[in-house]
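Novice: Structure file start.csv (CSV, C-alpha atoms) is given on the next line.
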```csv
chain,number,residue,atom,x,y,z
O,1,MET,CA,5.0,-42.6,26.5
O,2,VAL,CA,4.4,-39.3,24.6
O,3,SER,CA,5.9,-39.0,21.2
O,4,VAL,CA,7.7,-35.7,20.3
O,5,ARG,CA,8.6,-36.7,16.9
O,6,GLY,CA,5.8,-34.8,15.1
O,7,GLN,CA,5.9,-31.7,17.3
O,8,PHE,CA,8.9,-30.1,15.6
O,9,ALA,CA,8.3,-31.1,12.1
O,10,GLY,CA,6.2,-29.3,9.5
O,11,PRO,CA,5.3,-25.6,9.0
O,12,GLU,CA,6.4,-24.6,12.5
O,13,ILE,CA,10.1,-25.0,11.6
O,14,LEU,CA,10.0,-22.4,8.9
O,15,PRO,CA,8.9,-19.4,11.0
O,16,ALA,CA,11.4,-20.4,13.7
O,17,LYS,CA,14.1,-20.6,11.1
O,18,LYS,CA,13.1,-17.3,9.5
O,19,ALA,CA,13.0,-15.6,12.9
O,20,SER,CA,16.5,-17.0,13.6
O,21,THR,CA,17.7,-15.7,10.2
O,22,ASP,CA,16.2,-12.3,10.8
O,23,ALA,CA,17.8,-12.1,14.2
O,24,LEU,CA,21.2,-13.0,12.7
O,25,GLY,CA,20.7,-10.4,10.0
O,26,GLU,CA,19.9,-7.7,12.7
O,27,ILE,CA,23.0,-8.8,14.7
O,28,ASN,CA,25.2,-8.6,11.5
O,29,GLU,CA,23.8,-5.1,10.7
O,30,SER,CA,24.5,-4.0,14.3
O,31,LEU,CA,28.0,-5.4,14.1
O,32,ASP,CA,28.6,-3.7,10.7
O,33,ALA,CA,27.4,-0.4,12.2
O,34,LEU,CA,29.7,-0.8,15.2
O,35,VAL,CA,32.7,-1.7,13.0
O,36,SER,CA,32.0,1.4,10.8
O,37,ARG,CA,31.8,3.7,13.9
O,38,LEU,CA,35.0,2.1,15.2
O,39,HIS,CA,36.8,2.9,11.9
O,40,ALA,CA,35.5,6.5,12.0
O,41,GLN,CA,36.7,6.9,15.6
O,42,THR,CA,40.1,5.4,14.7
O,43,ARG,CA,40.5,7.9,11.9
O,44,THR,CA,39.5,10.7,14.2
O,45,VAL,CA,42.0,9.7,16.8
O,46,SER,CA,44.7,9.4,14.1
O,47,VAL,CA,44.1,12.9,12.9
O,48,LEU,CA,43.8,14.2,16.4
O,49,ARG,CA,47.1,12.5,17.4
O,50,PHE,CA,48.8,14.0,14.3
O,51,LEU,CA,47.6,17.5,15.1
O,52,MET,CA,48.6,17.2,18.8
O,53,GLU,CA,52.1,16.0,17.7
O,54,ALA,CA,52.3,19.0,15.3
O,55,SER,CA,51.3,21.3,18.2
O,56,THR,CA,53.9,19.8,20.5
O,57,GLU,CA,56.6,20.0,17.8
O,58,THR,CA,55.9,23.7,17.2
O,59,GLY,CA,55.9,24.8,20.8
O,60,ASN,CA,52.2,24.3,21.7
O,61,ILE,CA,51.2,27.7,20.4
O,62,VAL,CA,48.3,26.0,18.6
O,63,GLN,CA,46.4,23.9,21.1
O,64,LEU,CA,43.7,21.3,20.9
O,65,LYS,CA,41.7,21.4,24.1
O,66,PRO,CA,38.6,19.2,25.0
O,67,GLU,CA,36.7,22.3,26.2
O,68,CYS,CA,37.1,23.7,22.6
O,69,ALA,CA,36.0,20.4,21.0
O,70,PHE,CA,39.6,19.8,20.1
O,71,LEU,CA,39.4,22.6,17.4
O,72,PRO,CA,42.9,24.0,16.8
O,73,VAL,CA,43.0,27.3,18.8
O,74,ILE,CA,45.5,30.0,19.8
O,75,PHE,CA,45.1,31.6,23.2
O,76,ASP,CA,45.9,35.3,23.5
O,77,GLN,CA,47.4,37.0,26.6
O,78,ASN,CA,43.9,37.3,28.1
O,79,ASN,CA,43.3,33.6,27.6
O,80,GLU,CA,40.8,34.3,24.9
O,81,ALA,CA,40.7,31.6,22.2
O,82,THR,CA,41.1,32.4,18.5
O,83,LEU,CA,40.0,29.5,16.3
O,84,LEU,CA,42.8,28.6,13.9
O,85,TYR,CA,40.5,28.4,10.9
O,86,GLN,CA,39.4,32.1,11.6
O,87,PHE,CA,43.1,33.0,11.8
O,88,VAL,CA,43.7,31.3,8.4
O,89,GLU,CA,40.7,33.2,7.0
O,90,ALA,CA,42.1,36.5,8.2
O,91,VAL,CA,45.6,35.7,6.8
O,92,ASP,CA,44.0,34.8,3.5
O,93,SER,CA,42.2,38.2,3.3
O,94,MET,CA,45.4,40.1,4.2
O,95,ILE,CA,47.8,38.3,1.8
O,96,ASP,CA,48.4,39.8,-1.6
O,97,HIS,CA,47.4,37.0,-4.0
O,98,VAL,CA,49.3,38.7,-6.8
O,99,GLU,CA,52.5,38.3,-4.8
O,100,LEU,CA,51.7,34.6,-4.2
O,101,LYS,CA,51.1,34.3,-8.0
O,102,THR,CA,54.5,35.8,-8.6
O,103,GLU,CA,56.1,33.3,-6.1
O,104,PHE,CA,54.2,30.4,-7.7
O,105,PRO,CA,53.6,31.4,-11.3
O,106,SER,CA,52.3,28.1,-12.4
O,107,LEU,CA,49.4,28.2,-9.9
O,108,SER,CA,46.2,29.8,-10.9
O,109,TYR,CA,44.4,32.3,-8.6
O,110,THR,CA,41.7,29.6,-8.3
O,111,GLN,CA,44.3,27.1,-7.0
O,112,ILE,CA,45.7,29.7,-4.6
O,113,ALA,CA,42.2,30.4,-3.3
O,114,GLY,CA,41.5,26.7,-3.1
O,115,ALA,CA,44.6,26.1,-1.0
O,116,PHE,CA,43.5,28.7,1.5
O,117,ALA,CA,40.0,27.2,1.5
O,118,PHE,CA,41.5,23.8,2.2
O,119,LEU,CA,43.7,25.1,5.1
O,120,ARG,CA,40.6,26.8,6.5
O,121,LYS,CA,38.5,23.7,6.3
O,122,ALA,CA,41.3,21.5,7.6
O,123,MET,CA,41.6,23.7,10.7
O,124,GLN,CA,37.9,23.1,11.4
O,125,PHE,CA,38.7,19.5,12.3
O,126,ASN,CA,37.2,18.7,15.7
O,127,ALA,CA,36.6,15.4,17.6
O,128,ARG,CA,32.9,16.1,17.9
O,129,GLY,CA,32.3,16.4,14.2
O,130,ILE,CA,30.8,19.9,14.5
O,131,ASP,CA,30.4,21.6,11.1
O,132,MET,CA,31.6,25.1,11.9
O,133,ASP,CA,30.4,26.6,8.6
O,134,ALA,CA,26.9,25.3,9.2
O,135,LEU,CA,27.0,26.5,12.8
O,136,GLU,CA,28.1,30.0,11.7
O,137,GLU,CA,25.4,30.1,9.0
O,138,ASP,CA,22.8,29.2,11.7
O,139,ILE,CA,24.0,32.0,13.9
O,140,LEU,CA,23.9,34.5,11.0
O,141,GLU,CA,20.5,33.4,9.9
O,142,SER,CA,19.1,34.0,13.4
O,143,ASN,CA,20.8,37.4,13.7
O,144,ALA,CA,18.2,40.1,13.0
O,145,ASP,CA,20.9,42.8,12.5
O,146,PHE,CA,22.6,40.7,9.8
O,147,GLN,CA,19.3,39.9,8.1
O,148,ALA,CA,18.5,43.6,8.0
O,149,GLU,CA,21.9,44.4,6.5
O,150,VAL,CA,21.4,41.8,3.8
O,151,LYS,CA,18.0,43.2,3.0
O,152,ARG,CA,19.4,46.8,2.8
O,153,ALA,CA,22.2,45.6,0.5
O,154,LEU,CA,19.8,43.7,-1.8
O,155,ALA,CA,17.5,46.8,-1.9
O,156,ASP,CA,20.6,49.0,-2.7
O,157,GLN,CA,21.6,46.6,-5.5
O,158,GLU,CA,18.0,46.6,-6.9
O,159,GLY,CA,18.1,50.4,-6.9
O,160,LEU,CA,21.4,50.5,-8.7
O,161,ARG,CA,20.0,48.0,-11.3
O,162,VAL,CA,17.0,50.2,-11.9
O,163,LEU,CA,19.1,53.3,-12.3
O,164,ASP,CA,21.5,51.5,-14.7
O,165,VAL,CA,20.4,52.7,-18.2
O,166,ARG,CA,22.7,50.2,-20.0
O,167,GLU,CA,20.1,47.4,-19.7
```
Please rewrite the model in this file as structure tokens.

Specialist:
Amino acid sequence: MVSVRGQFAGPEILPAKKASTDALGEINESLDALVSRLHAQTRTVSVLRFLMEASTETGNIVQLKPECAFLPVIFDQNNEATLLYQFVEAVDSMIDHVELKTEFPSLSYTQIAGAFAFLRKAMQFNARGIDMDALEEDILESNADFQAEVKRALADQEGLRVLDVRE
């Protein structure tokens, strides 16, 4: 009869136990990552559901469509989309902040500007997690006309600084 008593004792157990512990650690890390992603997706769905309900309750003027990455958009008569954050940006530039300050005298101009910045950023919510500001920056940075305009503006400023005798 062959004895198996000594075959599983000794140093061989420790590497097997360590491998088992390492595997469990990897499984736990994977599970933690999955749970974290699930929580993030749940939050995204909650915000998306809230925005869709707001759209429905206000007559579906602002829409959240999958083909627009669920960014809040308004479609014009030609079915062209205007992103809501761009609309908020335009409204901010058109509104007289002095009148808003009169209406809300206890708010500072910084708070008023911050409120518009918040609205603009909130309207950039999308289910794909696209950073619209970064995307716009990338587009501008690769636009040769924009780069030339910036260089001209900087050169003009340098010319004005040199001509300013007050320095």

Novice: As an exercise, work out the distance from CA of Leu71 in chain O to CA of Gly129 in chain O in Å and give it to one decimal place.

Specialist: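 Interatomic distance, CA of Leu71 in chain O to CA of Gly129 in chain O: 10.0 Å.
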
Novice: Do a neighbour search on Pro72 in chain O at 9 Å with all atoms listed in the file, toss out local chain neighbours closer than 2 positions, and write the hits as a list of chain:residue names.

Specialist: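 Here the qualifying residues turn out to be O:Leu51, O:Ser55, O:Val62, O:Gln63, O:Leu64, O:Lys65, O:Cys68, O:Ala69, O:Phe70, O:Ile74, O:Thr82, O:Leu83, O:Leu84, O:Tyr85, O:Met123, O:Gln124, O:Phe125, O:Asn126.
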
Novice: Would you work out the distance separating CA of Thr21 in chain O from CA of Leu34 in chain O, expressed in Å to one decimal?

Specialist: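 CA of Leu34 in chain O lies at a distance of 19.8 Å from CA of Thr21 in chain O.
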
Novice: Taking into account all atoms listed in the file, which residue in the set O:Ser108, O:Gln86, O:Thr102, O:Ser142 is nearest to Lys121 in chain O?

Specialist: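 Nearest to Lys121 in chain O: O:Gln86.
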
Novice: Rounded to one decimal in Å, what is the spacing between CA of Val91 in chain O and CA of Ala113 in chain O?

Specialist: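 Straight-line distance from CA of Val91 in chain O to CA of Ala113 in chain O works out to 11.9 Å.
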
Novice: So which residues touch range 41-44 of chain O within 7 Å, counting all atoms listed in the file, skipping near sequence neighbours fewer than 4 positions away, as a list in words?

Specialist: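 These residues fall inside the cut-off: Arg37, Leu48 and Ala127 of chain O.
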
Novice: Go through O:Ala134, O:Ala33, O:Val150, O:Ala90 one by one, measure the shortest atom-to-atom distance of each to Leu119 in chain O using all atoms listed in the file, and give the residue with the smallest value.

Specialist: O:Ala90

Novice: Take range 84-95 of chain O, bring it up to all heavy atoms, and give me the output as a CSV table (one decimal), in the coordinates of the input.

Specialist:
```csv
chain,number,residue,atom,x,y,z
O,84,LEU,N,41.8,28.5,14.9
O,84,LEU,CA,42.8,28.6,13.9
O,84,LEU,C,42.2,28.8,12.5
O,84,LEU,O,42.8,29.5,11.7
O,84,LEU,CB,43.7,27.4,13.9
O,84,LEU,CG,45.0,27.5,13.2
O,84,LEU,CD1,45.8,28.7,13.7
O,84,LEU,CD2,45.8,26.2,13.3
O,85,TYR,N,41.0,28.2,12.2
O,85,TYR,CA,40.5,28.4,10.9
O,85,TYR,C,40.1,29.9,10.7
O,85,TYR,O,40.2,30.4,9.6
O,85,TYR,CB,39.3,27.5,10.7
O,85,TYR,CG,37.9,27.9,11.2
O,85,TYR,CD1,37.1,28.8,10.5
O,85,TYR,CD2,37.5,27.5,12.5
O,85,TYR,CE1,35.9,29.1,11.0
O,85,TYR,CE2,36.3,27.9,13.0
O,85,TYR,CZ,35.5,28.7,12.3
O,85,TYR,OH,34.3,29.1,12.8
O,86,GLN,N,39.7,30.6,11.8
O,86,GLN,CA,39.4,32.1,11.6
O,86,GLN,C,40.7,32.8,11.4
O,86,GLN,O,40.8,33.8,10.6
O,86,GLN,CB,38.7,32.6,12.9
O,86,GLN,CG,37.3,32.0,13.0
O,86,GLN,CD,36.7,32.3,14.4
O,86,GLN,OE1,37.4,32.4,15.4
O,86,GLN,NE2,35.4,32.5,14.4
O,87,PHE,N,41.8,32.4,12.0
O,87,PHE,CA,43.1,33.0,11.8
O,87,PHE,C,43.5,32.8,10.3
O,87,PHE,O,44.0,33.8,9.7
O,87,PHE,CB,44.1,32.3,12.8
O,87,PHE,CG,45.5,32.9,12.7
O,87,PHE,CD1,45.8,34.1,13.4
O,87,PHE,CD2,46.5,32.3,11.9
O,87,PHE,CE1,47.1,34.6,13.3
O,87,PHE,CE2,47.8,32.8,11.9
O,87,PHE,CZ,48.1,33.9,12.5
O,88,VAL,N,43.4,31.6,9.8
O,88,VAL,CA,43.7,31.3,8.4
O,88,VAL,C,42.9,32.2,7.5
O,88,VAL,O,43.4,32.7,6.5
O,88,VAL,CB,43.5,29.8,8.1
O,88,VAL,CG1,43.6,29.6,6.6
O,88,VAL,CG2,44.6,29.0,8.8
O,89,GLU,N,41.6,32.3,7.8
O,89,GLU,CA,40.7,33.2,7.0
O,89,GLU,C,41.2,34.6,7.0
O,89,GLU,O,41.2,35.3,5.9
O,89,GLU,CB,39.3,33.1,7.7
O,89,GLU,CG,38.2,33.5,6.8
O,89,GLU,CD,36.9,33.2,7.5
O,89,GLU,OE1,36.6,33.9,8.5
O,89,GLU,OE2,36.1,32.3,7.0
O,90,ALA,N,41.6,35.1,8.1
O,90,ALA,CA,42.1,36.5,8.2
O,90,ALA,C,43.4,36.7,7.4
O,90,ALA,O,43.6,37.6,6.7
O,90,ALA,CB,42.4,36.9,9.7
O,91,VAL,N,44.3,35.7,7.5
O,91,VAL,CA,45.6,35.7,6.8
O,91,VAL,C,45.3,35.7,5.3
O,91,VAL,O,45.9,36.5,4.5
O,91,VAL,CB,46.5,34.5,7.2
O,91,VAL,CG1,47.7,34.4,6.2
O,91,VAL,CG2,47.0,34.7,8.6
O,92,ASP,N,44.3,34.9,4.9
O,92,ASP,CA,44.0,34.8,3.5
O,92,ASP,C,43.5,36.2,3.0
O,92,ASP,O,43.8,36.6,1.9
O,92,ASP,CB,42.9,33.8,3.3
O,92,ASP,CG,42.4,33.7,1.8
O,92,ASP,OD1,43.2,34.0,0.9
O,92,ASP,OD2,41.2,33.3,1.6
O,93,SER,N,42.7,36.9,3.8
O,93,SER,CA,42.2,38.2,3.3
O,93,SER,C,43.3,39.3,3.3
O,93,SER,O,43.1,40.3,2.6
O,93,SER,CB,41.0,38.6,4.2
O,93,SER,OG,41.4,38.9,5.5
O,94,MET,N,44.3,39.1,4.1
O,94,MET,CA,45.4,40.1,4.2
O,94,MET,C,46.5,39.9,3.2
O,94,MET,O,47.2,40.8,2.8
O,94,MET,CB,46.0,40.1,5.6
O,94,MET,CG,45.1,40.5,6.6
O,94,MET,SD,45.9,40.3,8.2
O,94,MET,CE,44.5,40.4,9.3
O,95,ILE,N,46.7,38.6,2.7
O,95,ILE,CA,47.8,38.3,1.8
O,95,ILE,C,47.5,38.8,0.4
O,95,ILE,O,46.4,38.7,-0.1
O,95,ILE,CB,48.1,36.8,1.8
O,95,ILE,CG1,48.7,36.4,3.1
O,95,ILE,CG2,48.9,36.4,0.6
O,95,ILE,CD1,49.1,35.0,3.2
```
